Number of protein chains: 2
Amino acid sequence: MGKYTDQQIIKSWKKNVQPWVAAIREGEIEERLLVTNQAILNAIFSKTPKAVLDIGCGEGWLVRELVDSGIHSFGLDAIPEFIEYAQSAGGGSFKAISYEEISSNTFSEKFDVVVCNFSLLGHECVNHLFEQVSTLLTRNGSYIIQTIHPIIACGESKYADGWRAGSWLGFSDQFIDPAPWYFRTLESWEFLFKQNSFNLHEILEPMHPGTNTPVSIIFIGQFDG
Amino acid sequence: MGKYTDQQIIKSWKKNVQPWVAAIREGEIEERLLVTNQAILNAIFSKTPKAVLDIGCGEGWLVRELVDSGIHSFGLDAIPEFIEYAQSAGGGSFKAISYEEISSNTFSEKFDVVVCNFSLLGHECVNHLFEQVSTLLTRNGSYIIQTIHPIIACGESKYADGWRAGSWLGFSDQFIDPAPWYFRTLESWEFLFKQNSFNLHEILEPMHPGTNTPVSIIFIGQFDG
(Lines give C-alpha, C1' and ligand atoms only; values in the text may rest on other atoms or scores of the structure.)
Protein backbone atom coordinates (compact mmCIF):
# COMPACT_ATOMS: atom_id res chain seq x y z
CA MET A 1 0.00 0.00 0.00
CA GLY A 2 2.56 2.55 -1.11
CA LYS A 3 -0.21 4.99 -1.93
CA TYR A 4 -0.70 6.47 1.56
CA THR A 5 1.61 8.86 3.41
CA ASP A 6 1.71 10.88 6.61
CA GLN A 7 1.29 14.01 4.49
CA GLN A 8 -2.10 12.81 3.30
CA ILE A 9 -3.35 12.66 6.87
CA ILE A 10 -2.55 16.33 7.32
CA LYS A 11 -4.09 17.21 3.95
CA SER A 12 -7.29 15.41 4.80
CA TRP A 13 -7.60 16.94 8.27
CA LYS A 14 -7.08 20.42 6.87
CA LYS A 15 -10.23 19.89 4.80
CA ASN A 16 -12.25 18.80 7.82
CA VAL A 17 -11.35 21.35 10.47
CA GLN A 18 -14.77 22.98 10.70
CA PRO A 19 -16.91 19.84 10.88
CA TRP A 20 -14.45 18.35 13.40
CA VAL A 21 -14.63 21.39 15.67
CA ALA A 22 -18.43 21.18 15.47
CA ALA A 23 -18.40 17.43 16.18
CA ILE A 24 -16.24 17.87 19.28
CA ARG A 25 -17.86 21.00 20.64
CA GLU A 26 -21.43 19.84 20.00
CA GLY A 27 -20.77 16.35 21.36
CA GLU A 28 -21.55 14.48 18.13
CA ILE A 29 -19.24 11.51 18.76
CA GLU A 30 -21.03 9.15 21.13
CA GLU A 31 -18.03 6.99 22.06
CA ARG A 32 -16.12 10.08 23.12
CA LEU A 33 -18.96 11.33 25.30
CA LEU A 34 -19.73 7.94 26.80
CA VAL A 35 -16.27 6.45 27.20
CA THR A 36 -13.04 7.78 25.81
CA ASN A 37 -13.03 11.42 27.01
CA GLN A 38 -13.41 10.38 30.62
CA ALA A 39 -11.01 7.46 30.13
CA ILE A 40 -8.14 9.69 29.00
CA LEU A 41 -8.87 12.22 31.75
CA ASN A 42 -8.82 9.46 34.38
CA ALA A 43 -5.56 8.10 33.01
CA ILE A 44 -3.97 11.56 33.20
CA PHE A 45 -5.40 12.32 36.66
CA SER A 46 -4.01 8.99 37.95
CA LYS A 47 -0.52 10.46 37.48
CA THR A 48 -1.38 13.67 39.43
CA PRO A 49 0.63 15.81 36.99
CA LYS A 50 1.44 19.46 37.50
CA ALA A 51 2.09 20.02 33.78
CA VAL A 52 0.68 18.18 30.75
CA LEU A 53 1.59 18.40 27.06
CA ASP A 54 -1.18 17.33 24.65
CA ILE A 55 0.29 16.42 21.26
CA GLY A 56 -2.33 16.40 18.52
CA CYS A 57 -4.65 18.51 20.63
CA GLY A 58 -7.03 19.48 17.81
CA GLU A 59 -9.38 22.26 18.88
CA GLY A 60 -8.16 21.92 22.44
CA TRP A 61 -10.95 20.33 24.52
CA LEU A 62 -8.57 18.14 26.57
CA VAL A 63 -6.25 21.03 27.41
CA ARG A 64 -9.26 23.11 28.52
CA GLU A 65 -10.51 20.26 30.74
CA LEU A 66 -7.09 19.87 32.34
CA VAL A 67 -6.71 23.61 32.90
CA ASP A 68 -10.18 23.61 34.50
CA SER A 69 -8.81 21.00 36.91
CA GLY A 70 -5.90 23.26 37.80
CA ILE A 71 -3.28 21.50 35.68
CA HIS A 72 -0.90 23.65 33.64
CA SER A 73 -1.42 22.37 30.09
CA PHE A 74 -0.03 23.00 26.64
CA GLY A 75 -1.47 21.79 23.35
CA LEU A 76 0.35 21.17 20.06
CA ASP A 77 -1.21 20.36 16.72
CA ALA A 78 0.08 20.07 13.18
CA ILE A 79 -2.96 21.88 11.77
CA PRO A 80 -2.72 25.67 12.30
CA GLU A 81 -6.49 26.05 11.85
CA PHE A 82 -7.12 23.82 14.89
CA ILE A 83 -4.70 25.89 16.95
CA GLU A 84 -6.58 29.06 15.97
CA TYR A 85 -9.81 27.52 17.26
CA ALA A 86 -8.05 26.38 20.42
CA GLN A 87 -6.54 29.81 21.09
CA SER A 88 -9.88 31.55 20.51
CA ALA A 89 -11.55 29.30 23.07
CA GLY A 90 -8.81 30.08 25.61
CA GLY A 91 -7.83 27.98 28.64
CA GLY A 92 -4.30 26.73 28.18
CA SER A 93 -1.50 27.50 25.73
CA PHE A 94 -1.38 26.24 22.17
CA LYS A 95 1.07 26.12 19.30
CA ALA A 96 1.00 24.84 15.72
CA ILE A 97 3.90 22.52 14.94
CA SER A 98 4.31 19.41 12.82
CA TYR A 99 5.27 16.16 14.57
CA GLU A 100 8.43 16.11 12.48
CA GLU A 101 9.48 19.45 13.98
CA ILE A 102 8.99 18.41 17.62
CA SER A 103 12.31 17.98 19.40
CA SER A 104 14.04 18.45 22.73
CA ASN A 105 14.29 22.16 21.84
CA THR A 106 10.56 22.70 21.41
CA PHE A 107 10.14 23.60 25.08
CA SER A 108 12.40 24.85 27.80
CA GLU A 109 10.02 23.43 30.45
CA LYS A 110 9.37 19.70 31.07
CA PHE A 111 6.01 17.97 31.43
CA ASP A 112 4.89 15.29 33.90
CA VAL A 113 2.61 13.78 31.28
CA VAL A 114 2.75 13.82 27.50
CA VAL A 115 -0.59 12.69 26.10
CA CYS A 116 -1.65 11.69 22.58
CA ASN A 117 -5.39 11.19 22.41
CA PHE A 118 -6.29 9.53 19.10
CA SER A 119 -3.57 11.59 17.49
CA LEU A 120 -1.04 8.91 16.50
CA LEU A 121 -2.48 7.85 13.18
CA GLY A 122 0.59 8.24 11.00
CA HIS A 123 3.69 6.17 10.29
CA GLU A 124 7.16 7.77 10.20
CA CYS A 125 5.97 10.91 11.99
CA VAL A 126 4.84 8.76 14.92
CA ASN A 127 8.13 6.89 15.03
CA HIS A 128 9.93 10.24 15.08
CA LEU A 129 7.70 11.61 17.81
CA PHE A 130 8.33 8.55 20.00
CA GLU A 131 12.05 9.27 19.84
CA GLN A 132 11.49 12.82 21.12
CA VAL A 133 8.95 12.32 23.89
CA SER A 134 11.41 11.37 26.63
CA THR A 135 13.18 14.73 26.16
CA LEU A 136 9.90 16.52 26.90
CA LEU A 137 9.17 14.63 30.13
CA THR A 138 10.18 15.24 33.73
CA ARG A 139 11.99 12.43 35.49
CA ASN A 140 9.45 9.60 36.04
CA GLY A 141 7.06 11.34 33.68
CA SER A 142 4.46 9.32 31.79
CA TYR A 143 3.63 9.03 28.11
CA ILE A 144 -0.11 8.29 27.77
CA ILE A 145 -1.58 7.24 24.44
CA GLN A 146 -5.21 6.54 23.68
CA THR A 147 -5.72 4.98 20.28
CA ILE A 148 -7.74 2.61 18.17
CA HIS A 149 -7.79 -0.88 19.72
CA PRO A 150 -6.25 -3.53 17.46
CA ILE A 151 -9.06 -5.92 18.43
CA ILE A 152 -11.70 -3.54 17.11
CA ALA A 153 -9.86 -2.12 14.18
CA CYS A 154 -8.29 -5.08 12.45
CA GLY A 155 -11.46 -6.31 10.79
CA GLU A 156 -10.96 -8.74 7.93
CA SER A 157 -7.57 -7.34 7.00
CA LYS A 158 -4.29 -9.05 7.77
CA TYR A 159 -3.23 -8.43 11.38
CA ALA A 160 -0.06 -6.59 10.44
CA ASP A 161 1.24 -3.03 10.51
CA GLY A 162 0.29 -1.04 7.45
CA TRP A 163 -1.71 1.77 5.96
CA ARG A 164 -5.49 1.51 5.92
CA ALA A 165 -8.05 3.55 4.05
CA GLY A 166 -9.94 6.03 6.21
CA SER A 167 -13.69 6.40 6.65
CA TRP A 168 -16.08 9.00 8.01
CA LEU A 169 -18.76 6.38 8.62
CA GLY A 170 -21.00 7.56 11.43
CA PHE A 171 -19.96 11.20 11.04
CA SER A 172 -21.99 14.04 9.56
CA ASP A 173 -22.00 14.56 5.80
CA GLN A 174 -19.89 17.69 6.31
CA PHE A 175 -16.79 15.47 6.44
CA ILE A 176 -14.91 14.79 3.19
CA ASP A 177 -11.83 12.90 1.99
CA PRO A 178 -11.20 10.71 5.06
CA ALA A 179 -7.58 10.47 6.18
CA PRO A 180 -5.73 7.18 5.77
CA TRP A 181 -4.22 5.77 8.96
CA TYR A 182 -1.42 3.43 9.86
CA PHE A 183 -2.57 0.25 11.65
CA ARG A 184 -0.23 -1.08 14.34
CA THR A 185 -0.50 -4.43 16.05
CA LEU A 186 -0.30 -4.71 19.80
CA GLU A 187 3.20 -6.14 19.43
CA SER A 188 4.22 -3.08 17.41
CA TRP A 189 2.84 -0.59 19.92
CA GLU A 190 4.64 -2.37 22.70
CA PHE A 191 7.84 -2.40 20.66
CA LEU A 192 7.60 1.37 20.03
CA PHE A 193 7.65 1.92 23.78
CA LYS A 194 10.46 -0.55 24.39
CA GLN A 195 12.58 0.67 21.50
CA ASN A 196 12.44 4.17 22.96
CA SER A 197 13.31 3.03 26.50
CA PHE A 198 9.83 3.30 27.95
CA ASN A 199 8.42 0.70 30.31
CA LEU A 200 4.88 -0.09 29.25
CA HIS A 201 3.46 0.44 32.69
CA GLU A 202 -0.28 0.10 32.08
CA ILE A 203 -2.63 -1.08 29.38
CA LEU A 204 -6.26 -0.05 29.75
CA GLU A 205 -9.22 -1.10 27.62
CA PRO A 206 -12.10 1.36 28.09
CA MET A 207 -15.37 -0.50 27.54
CA HIS A 208 -18.55 0.76 25.95
CA PRO A 209 -21.29 0.36 28.58
CA GLY A 210 -23.73 -1.00 26.02
CA THR A 211 -21.64 -3.38 23.96
CA ASN A 212 -19.30 -6.27 24.53
CA THR A 213 -16.04 -4.81 23.28
CA PRO A 214 -13.45 -2.22 24.23
CA VAL A 215 -13.82 1.15 22.51
CA SER A 216 -10.13 2.03 22.58
CA ILE A 217 -6.83 1.12 24.17
CA ILE A 218 -4.75 3.27 26.49
CA PHE A 219 -1.02 2.70 26.92
CA ILE A 220 0.88 4.33 29.77
CA GLY A 221 4.64 4.25 29.42
CA GLN A 222 7.28 5.43 31.84
CA PHE A 223 10.71 6.51 30.62
CA ASP A 224 13.45 4.23 31.85
CA GLY A 225 16.48 5.96 30.36
CA MET B 1 -20.78 -18.30 35.72
CA GLY B 2 -20.33 -19.70 39.23
CA LYS B 3 -20.35 -23.22 37.85
CA TYR B 4 -16.65 -23.47 36.87
CA THR B 5 -13.64 -23.78 39.16
CA ASP B 6 -9.89 -24.31 38.97
CA GLN B 7 -10.47 -27.81 40.33
CA GLN B 8 -12.51 -28.74 37.26
CA ILE B 9 -9.56 -27.92 35.03
CA ILE B 10 -7.44 -30.45 36.90
CA LYS B 11 -10.24 -33.02 36.87
CA SER B 12 -10.69 -32.67 33.13
CA TRP B 13 -6.98 -32.87 32.34
CA LYS B 14 -6.63 -36.01 34.44
CA LYS B 15 -9.12 -37.68 32.09
CA ASN B 16 -7.17 -36.64 29.00
CA VAL B 17 -3.58 -37.44 29.87
CA GLN B 18 -3.10 -40.21 27.34
CA PRO B 19 -4.62 -38.51 24.28
CA TRP B 20 -2.70 -35.32 25.18
CA VAL B 21 0.62 -37.14 25.38
CA ALA B 22 -0.16 -38.72 22.01
CA ALA B 23 -1.19 -35.36 20.52
CA ILE B 24 2.04 -33.68 21.63
CA ARG B 25 4.41 -36.51 20.87
CA GLU B 26 2.86 -37.34 17.49
CA GLY B 27 2.61 -33.70 16.45
CA GLU B 28 -1.17 -33.63 16.08
CA ILE B 29 -1.63 -29.92 16.90
CA GLU B 30 -0.81 -27.95 13.77
CA GLU B 31 -0.53 -24.52 15.39
CA ARG B 32 2.03 -25.86 17.84
CA LEU B 33 4.14 -27.39 15.08
CA LEU B 34 3.87 -24.41 12.76
CA VAL B 35 4.03 -21.53 15.18
CA THR B 36 3.81 -21.67 18.94
CA ASN B 37 6.49 -24.27 19.85
CA GLN B 38 9.19 -22.33 18.05
CA ALA B 39 7.79 -19.01 19.31
CA ILE B 40 8.14 -19.98 22.97
CA LEU B 41 11.60 -21.45 22.37
CA ASN B 42 12.73 -18.24 20.65
CA ALA B 43 11.35 -16.13 23.48
CA ILE B 44 13.26 -18.22 26.03
CA PHE B 45 16.47 -18.28 23.96
CA SER B 46 16.34 -14.48 23.66
CA LYS B 47 17.04 -14.30 27.40
CA THR B 48 20.07 -16.66 27.16
CA PRO B 49 19.11 -18.37 30.43
CA LYS B 50 21.30 -20.84 32.28
CA ALA B 51 18.32 -22.32 34.17
CA VAL B 52 14.62 -22.47 33.22
CA LEU B 53 11.57 -23.51 35.22
CA ASP B 54 8.60 -24.69 33.15
CA ILE B 55 5.38 -24.46 35.16
CA GLY B 56 2.59 -26.57 33.69
CA CYS B 57 5.07 -28.62 31.71
CA GLY B 58 2.68 -31.46 30.82
CA GLU B 59 4.56 -34.42 29.36
CA GLY B 60 7.73 -32.37 29.24
CA TRP B 61 8.50 -31.55 25.58
CA LEU B 62 9.67 -28.01 26.28
CA VAL B 63 12.00 -29.07 29.09
CA ARG B 64 13.50 -31.73 26.81
CA GLU B 65 14.05 -29.16 24.03
CA LEU B 66 15.74 -26.77 26.44
CA VAL B 67 17.94 -29.50 27.90
CA ASP B 68 18.91 -30.47 24.34
CA SER B 69 20.08 -26.89 23.91
CA GLY B 70 22.25 -27.17 26.99
CA ILE B 71 19.94 -25.28 29.36
CA HIS B 72 19.40 -26.69 32.84
CA SER B 73 15.62 -27.09 33.03
CA PHE B 74 13.01 -28.19 35.54
CA GLY B 75 9.37 -28.98 34.86
CA LEU B 76 6.41 -28.77 37.24
CA ASP B 77 2.89 -29.95 36.61
CA ALA B 78 -0.20 -30.36 38.73
CA ILE B 79 -1.07 -33.69 37.09
CA PRO B 80 1.10 -36.52 38.47
CA GLU B 81 0.38 -38.67 35.41
CA PHE B 82 2.01 -36.06 33.14
CA ILE B 83 5.06 -35.99 35.37
CA GLU B 84 5.35 -39.77 35.11
CA TYR B 85 5.39 -39.51 31.31
CA ALA B 86 7.93 -36.69 31.51
CA GLN B 87 10.21 -38.61 33.84
CA SER B 88 10.04 -41.73 31.68
CA ALA B 89 11.09 -39.74 28.63
CA GLY B 90 14.07 -38.30 30.56
CA GLY B 91 15.95 -35.08 29.75
CA GLY B 92 15.46 -32.65 32.60
CA SER B 93 14.00 -32.87 36.08
CA PHE B 94 10.30 -32.99 36.84
CA LYS B 95 8.04 -32.80 39.85
CA ALA B 96 4.27 -33.02 40.44
CA ILE B 97 2.95 -30.09 42.42
CA SER B 98 -0.25 -28.06 42.35
CA TYR B 99 0.00 -24.35 41.53
CA GLU B 100 -1.46 -23.60 44.96
CA GLU B 101 1.49 -25.39 46.60
CA ILE B 102 4.18 -23.50 44.68
CA SER B 103 6.01 -21.07 46.94
CA SER B 104 9.42 -19.53 47.62
CA ASN B 105 10.27 -22.81 49.39
CA THR B 106 9.64 -25.06 46.40
CA PHE B 107 13.24 -24.70 45.22
CA SER B 108 16.51 -23.79 46.83
CA GLU B 109 17.90 -22.76 43.42
CA LYS B 110 16.74 -19.76 41.36
CA PHE B 111 15.85 -19.69 37.66
CA ASP B 112 16.71 -17.11 34.97
CA VAL B 113 13.41 -17.79 33.23
CA VAL B 114 10.10 -19.07 34.53
CA VAL B 115 7.91 -20.10 31.60
CA CYS B 116 4.22 -20.96 31.40
CA ASN B 117 3.35 -22.27 27.95
CA PHE B 118 -0.44 -22.44 27.59
CA SER B 119 -0.61 -23.49 31.20
CA LEU B 120 -2.33 -20.50 32.84
CA LEU B 121 -5.95 -21.40 32.19
CA GLY B 122 -7.30 -21.12 35.74
CA HIS B 123 -8.42 -18.27 37.96
CA GLU B 124 -7.34 -18.08 41.63
CA CYS B 125 -4.53 -20.58 41.11
CA VAL B 126 -3.01 -18.30 38.47
CA ASN B 127 -3.31 -15.25 40.71
CA HIS B 128 -1.55 -17.21 43.46
CA LEU B 129 1.18 -18.39 41.11
CA PHE B 130 1.87 -14.83 39.93
CA GLU B 131 2.54 -13.82 43.53
CA GLN B 132 5.16 -16.57 43.88
CA VAL B 133 7.06 -16.32 40.60
CA SER B 134 9.39 -13.50 41.61
CA THR B 135 10.69 -15.65 44.49
CA LEU B 136 11.71 -18.34 41.98
CA LEU B 137 13.65 -15.98 39.69
CA THR B 138 17.24 -14.80 39.70
CA ARG B 139 17.81 -11.04 39.79
CA ASN B 140 16.71 -9.64 36.39
CA GLY B 141 15.07 -12.98 35.61
CA SER B 142 12.15 -13.12 33.17
CA TYR B 143 8.65 -14.51 33.45
CA ILE B 144 7.52 -15.68 29.99
CA ILE B 145 3.90 -16.61 29.33
CA GLN B 146 2.43 -17.90 26.10
CA THR B 147 -1.34 -18.01 26.16
CA ILE B 148 -4.53 -17.67 24.18
CA HIS B 149 -4.69 -14.26 22.44
CA PRO B 150 -7.65 -12.17 23.59
CA ILE B 151 -8.20 -11.06 19.99
CA ILE B 152 -8.68 -14.62 18.84
CA ALA B 153 -10.42 -16.05 21.85
CA CYS B 154 -13.05 -13.51 22.75
CA GLY B 155 -15.49 -14.50 20.04
CA GLU B 156 -19.03 -13.25 20.51
CA SER B 157 -18.79 -13.23 24.31
CA LYS B 158 -18.43 -10.10 26.35
CA TYR B 159 -14.82 -8.90 26.42
CA ALA B 160 -14.42 -9.32 30.16
CA ASP B 161 -12.63 -11.67 32.52
CA GLY B 162 -14.60 -14.78 33.33
CA TRP B 163 -14.94 -18.51 32.98
CA ARG B 164 -15.58 -19.99 29.55
CA ALA B 165 -16.70 -23.45 28.57
CA GLY B 166 -13.95 -25.62 27.10
CA SER B 167 -13.89 -27.42 23.78
CA TRP B 168 -11.87 -30.17 22.14
CA LEU B 169 -12.84 -28.96 18.68
CA GLY B 170 -10.12 -29.97 16.24
CA PHE B 171 -8.71 -32.66 18.55
CA SER B 172 -9.04 -36.43 18.20
CA ASP B 173 -12.16 -38.14 19.54
CA GLN B 174 -10.04 -39.62 22.33
CA PHE B 175 -10.49 -36.37 24.27
CA ILE B 176 -13.40 -36.09 26.69
CA ASP B 177 -14.90 -33.56 29.14
CA PRO B 178 -13.07 -30.42 27.98
CA ALA B 179 -11.69 -28.23 30.76
CA PRO B 180 -13.27 -24.83 31.35
CA TRP B 181 -10.86 -21.90 31.23
CA TYR B 182 -10.71 -18.41 32.61
CA PHE B 183 -10.67 -15.69 29.94
CA ARG B 184 -8.54 -12.62 30.73
CA THR B 185 -8.54 -9.38 28.79
CA LEU B 186 -5.30 -7.78 27.74
CA GLU B 187 -5.80 -5.16 30.45
CA SER B 188 -6.10 -7.93 33.05
CA TRP B 189 -2.97 -9.75 31.91
CA GLU B 190 -1.04 -6.51 32.04
CA PHE B 191 -2.44 -5.78 35.50
CA LEU B 192 -1.37 -9.21 36.78
CA PHE B 193 2.21 -8.36 35.86
CA LYS B 194 2.03 -4.85 37.30
CA GLN B 195 0.28 -5.92 40.50
CA ASN B 196 3.10 -8.36 41.13
CA SER B 197 5.86 -5.81 40.43
CA PHE B 198 6.81 -7.08 36.99
CA ASN B 199 7.56 -4.74 34.11
CA LEU B 200 5.81 -6.03 31.03
CA HIS B 201 8.90 -5.92 28.90
CA GLU B 202 7.71 -7.50 25.66
CA ILE B 203 4.47 -8.51 24.00
CA LEU B 204 4.77 -10.83 21.02
CA GLU B 205 2.03 -12.00 18.69
CA PRO B 206 3.14 -15.15 16.84
CA MET B 207 1.39 -15.23 13.47
CA HIS B 208 0.10 -18.23 11.55
CA PRO B 209 1.89 -18.20 8.19
CA GLY B 210 -1.30 -19.06 6.34
CA THR B 211 -3.90 -16.86 8.00
CA ASN B 212 -4.34 -13.24 8.90
CA THR B 213 -4.38 -13.44 12.68
CA PRO B 214 -2.04 -14.11 15.58
CA VAL B 215 -2.14 -17.65 16.95
CA SER B 216 -1.18 -16.74 20.50
CA ILE B 217 0.25 -13.98 22.63
CA ILE B 218 3.55 -14.04 24.52
CA PHE B 219 4.17 -11.75 27.49
CA ILE B 220 7.68 -11.29 28.87
CA GLY B 221 7.85 -9.68 32.30
CA GLN B 222 10.87 -8.62 34.29
CA PHE B 223 10.71 -8.42 38.06
CA ASP B 224 11.14 -4.87 39.33
CA GLY B 225 10.97 -5.50 43.08
# chains A, B, ... in the order shown; residues from 1 in each chain; ligands from 1
>>> closest_atom_pairs(of="chain B", to="chain A", cutoff="12 Å", atoms="only C-alpha atoms", output="tab-separated table")
residue	atom	partner	partner_atom	distance
B:His149	CA	A:Ile151	CA	10.2
B:Pro150	CA	A:Ile151	CA	8.2
B:Ile151	CA	A:Ile151	CA	5.4
B:Ile152	CA	A:Ile151	CA	8.7
B:Ala153	CA	A:Ile151	CA	10.8
B:Cys154	CA	A:Thr213	CA	9.2
B:Gly155	CA	A:Asn212	CA	10.1
B:Glu156	CA	A:Asn212	CA	8.1
B:Ser157	CA	A:Asn212	CA	7.0
B:Lys158	CA	A:Asn212	CA	4.3
B:Tyr159	CA	A:Thr213	CA	5.3
B:Ala160	CA	A:Asn212	CA	8.1
B:Asp161	CA	A:Asn212	CA	11.7
B:Arg184	CA	A:Glu205	CA	12.0
B:Thr185	CA	A:Glu205	CA	8.4
B:Leu186	CA	A:Ile203	CA	7.4
B:Glu187	CA	A:Leu204	CA	5.2
B:Ser188	CA	A:Ile203	CA	8.5
B:Trp189	CA	A:Ile203	CA	9.0
B:Glu190	CA	A:Ile203	CA	6.3
B:Phe191	CA	A:Glu202	CA	7.1
B:Leu192	CA	A:Glu202	CA	10.5
B:Phe193	CA	A:His201	CA	9.4
B:Lys194	CA	A:His201	CA	7.2
B:Gln195	CA	A:Glu202	CA	10.4
B:Ser197	CA	A:His201	CA	10.2
B:Phe198	CA	A:His201	CA	9.3
B:Asn199	CA	A:Asn199	CA	6.7
B:Leu200	CA	A:Leu200	CA	6.3
B:His201	CA	A:Asn199	CA	6.8
B:Glu202	CA	A:Glu190	CA	6.7
B:Ile203	CA	A:Glu187	CA	5.3
B:Leu204	CA	A:Glu187	CA	5.2
B:Glu205	CA	A:Glu187	CA	6.0
B:Pro206	CA	A:Glu187	CA	9.4
B:Met207	CA	A:Tyr159	CA	8.5
B:His208	CA	A:Tyr159	CA	10.3
B:Pro209	CA	A:Lys158	CA	11.1
B:Gly210	CA	A:Lys158	CA	10.5
B:Thr211	CA	A:Lys158	CA	7.8
B:Asn212	CA	A:Lys158	CA	4.3
B:Thr213	CA	A:Tyr159	CA	5.3
B:Pro214	CA	A:Tyr159	CA	7.2
B:Val215	CA	A:Tyr159	CA	10.8
B:Ser216	CA	A:Glu187	CA	11.5
B:Ile217	CA	A:Glu187	CA	9.0
B:Ile218	CA	A:Glu187	CA	9.4
B:Phe219	CA	A:Glu187	CA	9.9
B:Ile220	CA	A:Glu190	CA	11.3
B:Gly221	CA	A:Leu200	CA	10.5
B:Gln222	CA	A:Asn199	CA	10.4
B:Asp224	CA	A:Asn199	CA	10.9
>>> residues_around(residues="B:Lys47", least_positions_apart="4", cutoff="10 Å", atoms="only C-alpha atoms", output="JSON list (two decimals) with N, CA, C and O atoms, in the first residue's frame")
[["chain", "number", "residue", "atom", "x", "y", "z"],
["B", 42, "ASN", "N", 12.01, -19.46, 21.00],
["B", 42, "ASN", "CA", 12.73, -18.24, 20.65],
["B", 42, "ASN", "C", 12.67, -17.21, 21.78],
["B", 42, "ASN", "O", 13.66, -16.52, 22.06],
["B", 43, "ALA", "N", 11.50, -17.10, 22.39],
["B", 43, "ALA", "CA", 11.35, -16.13, 23.48],
["B", 43, "ALA", "C", 12.29, -16.49, 24.63],
["B", 43, "ALA", "O", 12.96, -15.63, 25.21],
["B", 112, "ASP", "N", 16.61, -18.34, 35.78],
["B", 112, "ASP", "CA", 16.71, -17.11, 34.97],
["B", 112, "ASP", "C", 15.43, -16.83, 34.22],
["B", 112, "ASP", "O", 15.11, -15.69, 33.90],
["B", 113, "VAL", "N", 14.71, -17.92, 33.90],
["B", 113, "VAL", "CA", 13.41, -17.79, 33.23],
["B", 113, "VAL", "C", 12.43, -18.75, 33.90],
["B", 113, "VAL", "O", 12.74, -19.91, 34.13],
["B", 141, "GLY", "N", 15.67, -11.84, 36.30],
["B", 141, "GLY", "CA", 15.07, -12.98, 35.61],
["B", 141, "GLY", "C", 13.78, -12.57, 34.91],
["B", 141, "GLY", "O", 13.20, -11.53, 35.19],
["B", 142, "SER", "N", 13.34, -13.43, 33.97],
["B", 142, "SER", "CA", 12.15, -13.12, 33.17],
["B", 142, "SER", "C", 11.05, -14.14, 33.39],
["B", 142, "SER", "O", 11.30, -15.33, 33.52],
["B", 144, "ILE", "N", 8.00, -15.61, 31.38],
["B", 144, "ILE", "CA", 7.52, -15.68, 29.99],
["B", 144, "ILE", "C", 6.24, -16.52, 29.94],
["B", 144, "ILE", "O", 6.24, -17.67, 30.37],
["B", 220, "ILE", "N", 6.42, -11.11, 28.16],
["B", 220, "ILE", "CA", 7.68, -11.29, 28.87],
["B", 220, "ILE", "C", 7.78, -10.20, 29.93],
["B", 220, "ILE", "O", 7.82, -9.00, 29.62]]
>>> closest_residue(among="B:Ile145, B:Leu137, B:Ile83, B:Leu121", to="B:Ile40", atoms="only C-alpha atoms")
B:Ile145
>>> residues_around(residues="stretch 104-106 of chain A", least_positions_apart="2", cutoff="7 Å", atoms="only C-alpha atoms", output="number ranges by chain")
A: 102, 108, 132, 135-136
>>> select_by_dssp(residues="stretch 1-176 of chain A", states="helix (DSSP H, G or I)", output="PyMOL selection string")
chain A and resi 6-15+17-25+30-45+61-68+80-89+99-101+124-136+150-153
>>> atom_distance(atom1="atom CA of A:Ser12", atom2="atom CA of A:Val52")
27.3 Å
